[in-house]
>>> print(open('model03.pdb').read())   # PDB, C-alpha atoms
ATOM      1  CA  MET E  17      21.471 -18.974  77.722
ATOM      2  CA  PRO E  18      21.630 -22.556  79.062
ATOM      3  CA  ARG E  19      21.531 -25.260  76.437
ATOM      4  CA  ASP E  20      18.675 -27.776  76.352
ATOM      5  CA  HIS E  21      20.509 -30.839  75.059
ATOM      6  CA  LYS E  22      17.259 -32.700  74.366
ATOM      7  CA  THR E  23      16.464 -30.692  71.238
ATOM      8  CA  PRO E  24      19.269 -29.236  69.098
ATOM      9  CA  LEU E  25      19.138 -25.449  68.929
ATOM     10  CA  ILE E  26      18.995 -25.446  65.126
ATOM     11  CA  LYS E  27      15.794 -27.551  65.252
ATOM     12  CA  LYS E  28      14.262 -25.059  67.688
ATOM     13  CA  ILE E  29      15.176 -22.234  65.302
ATOM     14  CA  VAL E  30      13.624 -24.055  62.327
ATOM     15  CA  LYS E  31      10.425 -24.741  64.283
ATOM     16  CA  GLN E  32      10.146 -21.129  65.465
ATOM     17  CA  ALA E  33      10.943 -19.751  61.990
ATOM     18  CA  CYS E  34       8.071 -21.823  60.588
ATOM     19  CA  ILE E  35       5.729 -20.330  63.176
ATOM     20  CA  THR E  36       7.094 -16.795  62.768
ATOM     21  CA  TYR E  37       7.053 -16.563  58.993
ATOM     22  CA  ARG E  38       3.869 -18.544  58.386
ATOM     23  CA  VAL E  39       1.742 -15.813  59.973
ATOM     24  CA  LEU E  40       3.315 -12.805  58.242
ATOM     25  CA  LYS E  41       1.000 -10.922  55.929
ATOM     26  CA  SER E  42       3.372  -8.048  55.195
ATOM     27  CA  SER E  43       6.869  -6.919  56.081
ATOM     28  CA  ALA E  44       5.301  -4.492  58.582
ATOM     29  CA  ASP E  45       4.414  -7.506  60.769
ATOM     30  CA  VAL E  46       8.029  -8.700  60.990
ATOM     31  CA  ALA E  47       9.218  -6.863  64.116
ATOM     32  CA  ASP E  48       6.345  -8.087  66.282
ATOM     33  CA  SER E  49       6.481 -11.667  65.055
ATOM     34  CA  GLN E  50      10.205 -12.171  65.640
ATOM     35  CA  SER E  51      10.192 -11.718  69.413
ATOM     36  CA  GLU E  52      10.603 -15.472  70.005
ATOM     37  CA  LEU E  53      12.883 -16.175  67.040
ATOM     38  CA  ILE E  54      15.560 -13.539  67.717
ATOM     39  CA  PRO E  55      16.656 -14.905  71.138
ATOM     40  CA  LEU E  56      17.143 -18.352  69.578
ATOM     41  CA  LEU E  57      19.244 -16.884  66.767
ATOM     42  CA  THR E  58      21.237 -14.841  69.272
ATOM     43  CA  ALA E  59      22.125 -18.029  71.174
ATOM     44  CA  LEU E  60      23.356 -19.801  68.020
ATOM     45  CA  ARG E  61      27.100 -20.435  67.836
ATOM     46  CA  ALA E  62      29.234 -21.775  65.010
ATOM     47  CA  ALA E  63      29.940 -24.831  67.191
ATOM     48  CA  ASP E  64      26.203 -25.664  67.201
ATOM     49  CA  GLN E  65      26.544 -26.475  63.487
ATOM     50  CA  LYS E  66      29.962 -28.027  64.016
ATOM     51  CA  ILE E  67      31.526 -25.210  61.990
ATOM     52  CA  THR E  68      35.159 -24.581  62.798
ATOM     53  CA  PRO E  69      37.655 -22.361  61.034
ATOM     54  CA  ARG E  70      39.915 -24.162  58.594
ATOM     55  CA  LYS E  71      43.428 -24.713  59.793
ATOM     56  CA  SER E  72      45.811 -22.312  58.158
ATOM     57  CA  LYS E  73      47.995 -23.956  55.557
ATOM     58  CA  PRO E  74      50.726 -22.181  53.744
ATOM     59  CA  CYS E  75      49.477 -21.696  50.209
ATOM     60  CA  SER E  76      50.683 -19.970  47.119
ATOM     61  CA  GLY E  77      48.822 -17.094  45.535
ATOM     62  CA  ALA E  78      47.409 -19.428  42.873
ATOM     63  CA  THR E  79      45.903 -21.760  45.479
ATOM     64  CA  ARG E  80      44.399 -18.837  47.366
ATOM     65  CA  LEU E  81      42.700 -17.583  44.187
ATOM     66  CA  GLN E  82      41.091 -20.994  43.569
ATOM     67  CA  SER E  83      39.355 -21.240  46.936
ATOM     68  CA  PRO E  84      36.111 -19.240  47.039
ATOM     69  CA  PRO E  85      35.852 -16.253  49.387
ATOM     70  CA  VAL E  86      32.292 -17.264  50.339
ATOM     71  CA  THR E  87      30.748 -20.718  50.669
ATOM     72  CA  TYR E  88      27.056 -21.444  51.278
ATOM     73  CA  MET E  89      25.887 -24.301  53.512
ATOM     74  CA  HIS E  90      22.197 -25.167  53.047
ATOM     75  CA  ILE E  91      20.319 -26.021  56.272
ATOM     76  CA  CYS E  92      16.678 -26.398  55.221
ATOM     77  CA  GLU E  93      13.948 -24.998  53.013
ATOM     78  CA  THR E  94      10.191 -24.915  53.506
ATOM     79  CA  LEU E  95       7.361 -23.231  51.641
ATOM     80  CA  VAL E  96       7.686 -20.348  54.107
ATOM     81  CA  PHE E  97      11.437 -19.780  54.513
ATOM     82  CA  SER E  98      14.916 -20.896  53.540
ATOM     83  CA  MET E  99      17.789 -21.265  56.001
ATOM     84  CA  GLY E 100      21.476 -21.476  55.298
ATOM     85  CA  VAL E 101      24.890 -20.403  56.512
ATOM     86  CA  PHE E 102      27.370 -18.279  54.603
ATOM     87  CA  LEU E 103      30.979 -19.096  55.454
ATOM     88  CA  LEU E 104      33.296 -16.193  54.688
ATOM     89  CA  ARG E 105      37.062 -16.325  54.449
ATOM     90  CA  PRO E 106      38.829 -13.685  56.554
ATOM     91  CA  GLY E 107      38.570 -10.366  54.737
ATOM     92  CA  ALA E 108      35.715 -11.522  52.485
ATOM     93  CA  SER E 109      32.378  -9.735  52.349
ATOM     94  CA  ILE E 110      28.955 -10.049  50.804
ATOM     95  CA  PRO E 111      27.850  -6.825  49.091
ATOM     96  CA  LEU E 112      24.778  -5.127  50.476
ATOM     97  CA  HIS E 113      21.902  -6.022  48.194
ATOM     98  CA  ASP E 114      18.121  -6.277  48.140
ATOM     99  CA  HIS E 115      15.705  -9.195  48.036
ATOM    100  CA  PRO E 116      12.301  -7.593  47.352
ATOM    101  CA  ASP E 117       9.377  -8.988  49.355
ATOM    102  CA  MET E 118      11.724 -11.040  51.549
ATOM    103  CA  ASN E 119      12.730 -10.731  55.187
ATOM    104  CA  GLY E 120      16.011 -11.928  56.576
ATOM    105  CA  ASN E 121      17.764 -12.581  59.841
ATOM    106  CA  LEU E 122      21.539 -12.442  60.043
ATOM    107  CA  ARG E 123      23.754 -13.849  62.758
ATOM    108  CA  SER E 124      27.483 -13.331  62.731
ATOM    109  CA  CYS E 125      29.493 -15.908  64.658
TER     110      CYS E 125
END
>>> encode(input="model03.pdb", output="structure tokens")
Amino acid sequence: MPRDHKTPLIKKIVKQACITYRVLKSSADVADSQSELIPLLTALRAADQKITPRKSKPCSGATRLQSPPVTYMHICETLVFSMGVFLLRPGASIPLHDHPDMNGNLRSC
């Protein structure tokens, strides 16, 4: 997808998420309402948020244990949705879990 450098992609995603989630009455409406949001999320790259992998440094086992396996980077929050990025160390995972009455979109970069 060609990039429109006039408006950052993340701002387009925020704007479309506001539109998408403002109109939802129930989780049954999600699939239909996300038709414009999903292509924007699909185009998102780590570089769009200036996220780059940390350079590998030799570290002892103690240092490795002190750095968290998952870090959260907050992007924005509105009355309708919250957006953030989870940064996972290689080999780290987030356990499958439930958020009742919430919808979510995931993008792995």
>>> atom_distance(input="model03.pdb", atom1="CA of Ile110 (chain E)", atom2="CA of Ser83 (chain E)")
15.8 Å
>>> closest_residue(input="model03.pdb", among="E:Phe102, E:Lys22, E:Cys92, E:Ile29", to="Ile67 (chain E)", atoms="only C-alpha atoms")
E:Phe102
>>> resolve_selection(input="model03.pdb", expression="the PyMOL selection byres ((chain E and resi 101) around 10)", output="count of residues only")
16
>>> closest_residue(input="model03.pdb", among="E:Leu53, E:Arg105, E:Gly120, E:Asp48", to="Ile26 (chain E)", atoms="all atoms listed in the file")
E:Leu53
>>> atom_distance(input="model03.pdb", atom1="CA of Ile35 (chain E)", atom2="CA of Arg61 (chain E)")
21.9 Å
